[in-house]
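Enquirer: Please read through the structure below; I'll follow up with questions.
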Amino acid sequence: MRKPKGLGIRFIDLPRSERRRIVNLVFEEAEAMKNQKGRVNYNELSRKIYVKTGIHLWPAVIRSWIIGEKTPMKAGSLKAIRQPPDEDGQIVRGLIETDLHRHDAYNTLWLSIHTTKDFYAYSLQKFFLKYGWSDVKPTLIKHTPEWRMSAYLDYDLWFQELQKPIDDLSQQEKMKLLSGLITGDGWITIMHTERDQVSFVVCIGSSRKHKIQFVCQVLDSMSIPYSTIKIRRRGREQIIGDILVKTKAYYEYVVAVSAKNAVLEILTHTKLLQPFREIKRKLALKFIHKGKLKRAAIKPVWDWLRLIEKASTVRSQIRACELIRDEKFARKNLDKQQMLKHLHEKLREYTDKTKELKPIATRIISNL
């Protein structure tokens with residue numbers, strides 16, 4: 001198709017907001033064409049865009065956007081149009097401050113995470129799909145089969161949302177922010193008190209002091225009481241699989257909220273994207289409302305959930321291991337079949353322990 005004569009304005013010369021509008025139009029028309037005809041005709045689509053906008057886009061350029069060869073679009077049959085922040089925008093900020101890796105590219109905010117838990121990766125993907133394109137893929141990190149979740153957001157649309165001063169946020173926005181922080185680096189645990197009673201504690205931990213300072217700033221702005229713990233970790237060793245892992249960070253910092261009313265407020269008004277933490281949040285609320293805070297009633301449930309999560313994590317690694325191509329293991333001199341054998345052994349171990357606790361844990365939960 002020849003370039004129309006007399007065309008004076010180029011796509012690249014337009015303001016960024018106008019370019020974004022045209023890109024969105026391209027994908028809307030492509031989606032409609034695909035639904036109507038079963039395929040996308042790039043020449044016809046180029047003509048449609050020219051008629052509607054007066055801007056000529058080469059069919060090859062349109063194709064590169066749709067198949068993901070060029071920025072700002074990524075691979076996929078048709079990438080989702082990027083959307084601005086909504087009422088959950090601060091959850092994204094909380095995740096970035098804790099669990100997610102952020103990379104700023106041209107007109108694109110790329111977020112990613114590597115995790116051994118596919119159920120967490122897919123939960124994040126489902127959440128991010130309302131803002132743009134996101135996917136989950138198995139990957140081999142050093143000697144460990146894991147899952148990588150990637151999400152692509154519009155940089156211009158999200159920049160202001162991620163920079164809002166904490167004091168300017170509403171109480172609801174602060175709770176959303178706290179939801180992201182707890183989802184990323186938090187946990188819900190129990191603390192023993194007198195006479196075999198327990199209380200629930202919400203914790204957020206990190207080896208990076210500036211991240212903990214951010215958490216403290218959020219809690220201070222909400223007038224939520226908390227305590228901080230500094231734990232020396234340098235040189236600590238733990239065995240993960242067959243690998244000895246040494247902790248490089250000197251200290252781990254933990255922020256703990258233990259006051260009953262504060263814990264109740266957080267558990268009531270947050271929503272966690274990590275599935276097992278969300279289950280614990282809901283169960284903790286039920287225990288509190290029922291007034292059942294005996295150690296004998298709560299600890300078996302918490303131990304059971306911990307084992308189920310471990311078993312689910314191993315299953316996730318097995319699925320990743322099976323999907324990763326053999327040549328990737330060969331490049332790292334890894335025995336894929338031996339790794340699968342070891343993972344299946346761990347799974348049987350956790351499954352057996354889970355079965356032992358299941359009767360008493362399910363009976364306690366059913367009585368709630």
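Chain identifiers are assigned as A, B, and so on, following the order in which chains appear in the structure tokens; residues are numbered from 1 within each chain, and ligands are numbered from 1 in order of appearance.
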What are the nearest atom pairs, with distances in Å to one decimal, for all residues of region 216-303 of chain A that come at most 10 Å from region 77-101 of chain A, using only C-alpha atoms, set out by chain and rising residue number as JSON lines?

Expert:
```
{"residue": "A:Thr270", "atom": "CA", "partner": "A:Ile91", "partner_atom": "CA", "distance": 9.8}
{"residue": "A:Lys271", "atom": "CA", "partner": "A:Ile91", "partner_atom": "CA", "distance": 9.3}
{"residue": "A:Leu272", "atom": "CA", "partner": "A:Ile91", "partner_atom": "CA", "distance": 9.2}
{"residue": "A:Leu273", "atom": "CA", "partner": "A:Ile91", "partner_atom": "CA", "distance": 9.4}
```

Enquirer: Using the chain letters and numbers from this document, which residues of region 101-225 of chain A does DSSP assign to alpha helix (DSSP H), as JSON, numbers by chain?

Expert: {"A": [118, 119, 120, 121, 122, 123, 124, 125, 126, 127, 128, 155, 156, 157, 158, 159, 160, 161, 162, 163, 171, 172, 173, 174, 175, 176, 177, 178, 179, 180, 181, 182, 183, 184, 185, 209, 210, 211, 212, 213, 214, 215, 216, 217, 218, 219, 220, 221]}

Enquirer: Could you work out how far CA of Gln274 (chain A) lies from CA of Thr115 (chain A), giving the answer in Å with one decimal?

Expert: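 Value for the CA of Thr115 (chain A)-CA of Gln274 (chain A) distance: 11.5 Å.
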
Enquirer: Between A:Ala311, A:Val201, A:Ile166, A:Leu140, single out the one closest to Lys280 (chain A), counting only C-alpha atoms.

Expert: A:Val201

Enquirer: List the neighbours of Leu293 (chain A) out to 9 Å using only C-alpha atoms; skip same-chain residues closer than 5 positions along the sequence, and give me the result as a list of chain:residue names.

Expert: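 Contacts, with the query itself left out: A:Asp196, A:Gln197, A:Val198, A:Ser199, A:Phe200, A:Phe287, A:Ile288, A:Ile298.
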
Enquirer: Mind giving me the straight-line distance from CA of Thr139 (chain A) to CA of Thr116 (chain A) in Å, one decimal?

Expert: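 For CA of Thr139 (chain A) relative to CA of Thr116 (chain A), the distance reads 9.8 Å.
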